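Undergrad: Let me give you the structure first, and then I'll get to my questions.
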Amino acid sequence: MIIITDAAQAHFAKLLANQEPNTQIRVFVINPGTPNAECGVSYCPPDAVEPNDTEIKFEKLSAYVDDISAPFLEDAEIDFVTDQLGSQLTLKAPNAKMRKVDADAPLIERVEYVLQSQINPQLAGHGGRVSLMEITEDGYAILQFGGGCNGCSMIDVTLKDGIEKELLNLFPDELKGVKDLTEHQRGEHSYY
């Protein structure tokens, strides 16, 4: 479910050495399954372990996850990275905003999952987002852009060279392409 690298385990072990005996960590998601999902890590003293928690044992510590957060932490990774700027703990949880879907789920759910877990995090850097409106009977994903993407001068490149290429690569036998439903209007919100 969650990967905690050796470097992160060593970092946590140092921090836990200064806590109450048998204190471990808790990994959680606030607002799971929503665009506002936030992941976090906190101390978990022995008296804070809940009956429905899942314990994930690692070499140097245990991580506790509540049953609501668990499906949204699938494929999550915690690392401790050191570079020229210093050290930092990183938590990547690609399924926090949307629960991972099965390979045999309906196409609309699988495409929506890719948009939410892979495409929108990239667009968010420019203040943008994309939503799946429908998949037509003839195999086109109809998308609507918002935020900084609405009116952006690079939207055609993003649509065809980015999103369409990625979706056709993932669903070659099920999708023929993507179409943009957005009525793009330039304004202060647009990314340039």
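Naming works like this for the structure tokens: A, B, ... for the chains as they're shown, residue 1 at the start of each chain, ligands 1 onward in shown order.
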Quick one: residues within 7 Å of region 13-21 of chain A, only C-alpha atoms counted, chain neighbours fewer than 2 positions away excluded, as a list of chain:residue names?

TA: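 Everything that qualifies: A:Gln9, A:Ala10, A:His11, A:Thr23, A:Gln24, A:Pro45, A:Lys60, A:Leu61.
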
Undergrad: Taking the DSSP assignment computed from this structure's backbone, write out as a PyMOL selection string all residues of chain A that belong to alpha helix (DSSP H).

TA: chain A and resi 6-16+107-114+120-124+155-157+165-170

Undergrad: Once you have the residues from the selection above, write them out as a PDB file, in the first residue's frame, restricted to C-alpha atoms.

TA:
ATOM      1  CA  ASP A   6      15.053   3.566   3.824  1.00  0.00           C
ATOM      2  CA  ALA A   7      16.032   7.258   4.015  1.00  0.00           C
ATOM      3  CA  ALA A   8      12.538   8.209   5.220  1.00  0.00           C
ATOM      4  CA  GLN A   9      12.489   5.351   7.735  1.00  0.00           C
ATOM      5  CA  ALA A  10      15.823   6.528   9.152  1.00  0.00           C
ATOM      6  CA  HIS A  11      14.479  10.100   9.379  1.00  0.00           C
ATOM      7  CA  PHE A  12      11.312   8.952  11.155  1.00  0.00           C
ATOM      8  CA  ALA A  13      13.324   6.705  13.500  1.00  0.00           C
ATOM      9  CA  LYS A  14      15.363   9.738  14.642  1.00  0.00           C
ATOM     10  CA  LEU A  15      12.206  11.756  15.250  1.00  0.00           C
ATOM     11  CA  LEU A  16      10.431   8.903  17.043  1.00  0.00           C
ATOM     12  CA  LEU A 107     -13.772   3.197 -19.805  1.00  0.00           C
ATOM     13  CA  ILE A 108     -15.241   6.456 -18.504  1.00  0.00           C
ATOM     14  CA  GLU A 109     -13.984   5.654 -14.977  1.00  0.00           C
ATOM     15  CA  ARG A 110     -10.516   4.691 -16.201  1.00  0.00           C
ATOM     16  CA  VAL A 111     -10.178   7.855 -18.315  1.00  0.00           C
ATOM     17  CA  GLU A 112     -11.423  10.009 -15.420  1.00  0.00           C
ATOM     18  CA  TYR A 113      -8.859   8.373 -13.146  1.00  0.00           C
ATOM     19  CA  VAL A 114      -6.003   9.201 -15.560  1.00  0.00           C
ATOM     20  CA  ASN A 120      -4.625  17.532 -13.649  1.00  0.00           C
ATOM     21  CA  PRO A 121      -1.611  17.596 -11.324  1.00  0.00           C
ATOM     22  CA  GLN A 122       0.457  18.757 -14.325  1.00  0.00           C
ATOM     23  CA  LEU A 123      -2.115  21.362 -15.360  1.00  0.00           C
ATOM     24  CA  ALA A 124      -2.389  22.630 -11.781  1.00  0.00           C
ATOM     25  CA  ILE A 155      -4.418  24.802 -25.319  1.00  0.00           C
ATOM     26  CA  ASP A 156      -4.310  23.038 -28.705  1.00  0.00           C
ATOM     27  CA  VAL A 157      -0.809  21.723 -27.969  1.00  0.00           C
ATOM     28  CA  LYS A 165      -1.359  11.346 -26.940  1.00  0.00           C
ATOM     29  CA  GLU A 166      -1.371  10.067 -23.328  1.00  0.00           C
ATOM     30  CA  LEU A 167      -4.957   8.765 -23.473  1.00  0.00           C
ATOM     31  CA  LEU A 168      -4.508   7.067 -26.847  1.00  0.00           C
ATOM     32  CA  ASN A 169      -1.338   5.433 -25.548  1.00  0.00           C
ATOM     33  CA  LEU A 170      -3.211   4.073 -22.510  1.00  0.00           C
TER      34      LEU A 170
END

Undergrad: What's the separation between CA of Glu77 (chain A) and CA of Gly33 (chain A), in Å to one decimal place?

TA: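 Going from CA of Glu77 (chain A) over to CA of Gly33 (chain A) covers 17.6 Å.
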
Undergrad: Please report the interatomic distance between CA of Asp67 (chain A) and CA of Ser131 (chain A) in Å with one decimal.

TA: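 Result for CA of Asp67 (chain A) versus CA of Ser131 (chain A): 28.1 Å, one decimal.
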
Undergrad: Name all residues at most 12 Å from Thr158 (chain A) (count only C-alpha atoms; drop same-chain ones fewer than 6 positions away) and give them as a VMD selection string.

TA: chain A and resid 119 to 120 122 to 123 126 128 to 130 143 145 149 to 150 152 164 to 166 178 to 180

Undergrad: Save the residues we just selected, C-alpha atoms, as a PDB file, in the first residue's frame?

TA:
ATOM      1  CA  ILE A 119      -3.078  15.080 -16.132  1.00  0.00           C
ATOM      2  CA  ASN A 120      -4.625  17.532 -13.649  1.00  0.00           C
ATOM      3  CA  GLN A 122       0.457  18.757 -14.325  1.00  0.00           C
ATOM      4  CA  LEU A 123      -2.115  21.362 -15.360  1.00  0.00           C
ATOM      5  CA  HIS A 126      -0.415  26.618 -14.528  1.00  0.00           C
ATOM      6  CA  GLY A 128      -5.585  24.814 -14.910  1.00  0.00           C
ATOM      7  CA  ARG A 129      -7.670  21.672 -14.852  1.00  0.00           C
ATOM      8  CA  VAL A 130      -9.584  19.445 -17.241  1.00  0.00           C
ATOM      9  CA  LEU A 143     -13.143  17.374 -22.311  1.00  0.00           C
ATOM     10  CA  PHE A 145     -10.899  22.953 -19.531  1.00  0.00           C
ATOM     11  CA  CYS A 149      -6.327  26.512 -19.300  1.00  0.00           C
ATOM     12  CA  ASN A 150      -9.406  28.467 -20.404  1.00  0.00           C
ATOM     13  CA  CYS A 152      -4.509  29.711 -22.868  1.00  0.00           C
ATOM     14  CA  GLU A 164      -4.743  12.996 -26.437  1.00  0.00           C
ATOM     15  CA  LYS A 165      -1.359  11.346 -26.940  1.00  0.00           C
ATOM     16  CA  GLU A 166      -1.371  10.067 -23.328  1.00  0.00           C
ATOM     17  CA  VAL A 178     -10.223  13.817 -27.647  1.00  0.00           C
ATOM     18  CA  LYS A 179     -12.303  16.904 -28.350  1.00  0.00           C
ATOM     19  CA  ASP A 180     -12.445  20.183 -26.464  1.00  0.00           C
TER      20      ASP A 180
END

Undergrad: Could you pull the residues within 10 Å of Asn31 (chain A), counting only C-alpha atoms, minus those fewer than 6 positions along the same chain, as a list in words?

TA: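 Everything that qualifies: Ala37, Glu38, Cys39, Ile68, Ser69, Ala96 and Lys97 of chain A.
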
Undergrad: Next, the residues of the selection above should be written as an mmCIF file, in the first residue's frame with N, CA and C atoms.

TA:
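Generated output (result_34.cif):
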data_model
loop_
_atom_site.group_PDB
_atom_site.id
_atom_site.type_symbol
_atom_site.label_atom_id
_atom_site.label_comp_id
_atom_site.auth_asym_id
_atom_site.auth_seq_id
_atom_site.Cartn_x
_atom_site.Cartn_y
_atom_site.Cartn_z
ATOM 1 N N ALA A 37 -8.019 17.087 -1.690
ATOM 2 C CA ALA A 37 -7.366 16.071 -0.851
ATOM 3 C C ALA A 37 -5.963 16.517 -0.463
ATOM 4 N N GLU A 38 -5.624 16.297 0.798
ATOM 5 C CA GLU A 38 -4.294 16.620 1.330
ATOM 6 C C GLU A 38 -3.801 15.412 2.112
ATOM 7 N N CYS A 39 -2.557 15.027 1.883
ATOM 8 C CA CYS A 39 -1.959 13.903 2.600
ATOM 9 C C CYS A 39 -1.092 14.432 3.724
ATOM 10 N N ILE A 68 -10.619 4.864 6.181
ATOM 11 C CA ILE A 68 -11.116 5.773 5.148
ATOM 12 C C ILE A 68 -9.975 6.203 4.227
ATOM 13 N N SER A 69 -8.794 6.467 4.790
ATOM 14 C CA SER A 69 -7.641 6.912 3.986
ATOM 15 C C SER A 69 -7.021 5.786 3.165
ATOM 16 N N ALA A 96 -4.781 10.007 -4.027
ATOM 17 C CA ALA A 96 -5.442 10.737 -2.938
ATOM 18 C C ALA A 96 -6.699 11.460 -3.399
ATOM 19 N N LYS A 97 -6.659 12.026 -4.586
ATOM 20 C CA LYS A 97 -7.799 12.803 -5.067
ATOM 21 C C LYS A 97 -8.884 11.930 -5.692
#

Undergrad: Please measure the separation of CA of Asp79 (chain A) and CA of Pro94 (chain A), giving the value in Å to one decimal.

TA: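 Calculated distance between CA of Asp79 (chain A) and CA of Pro94 (chain A) is 14.3 Å.
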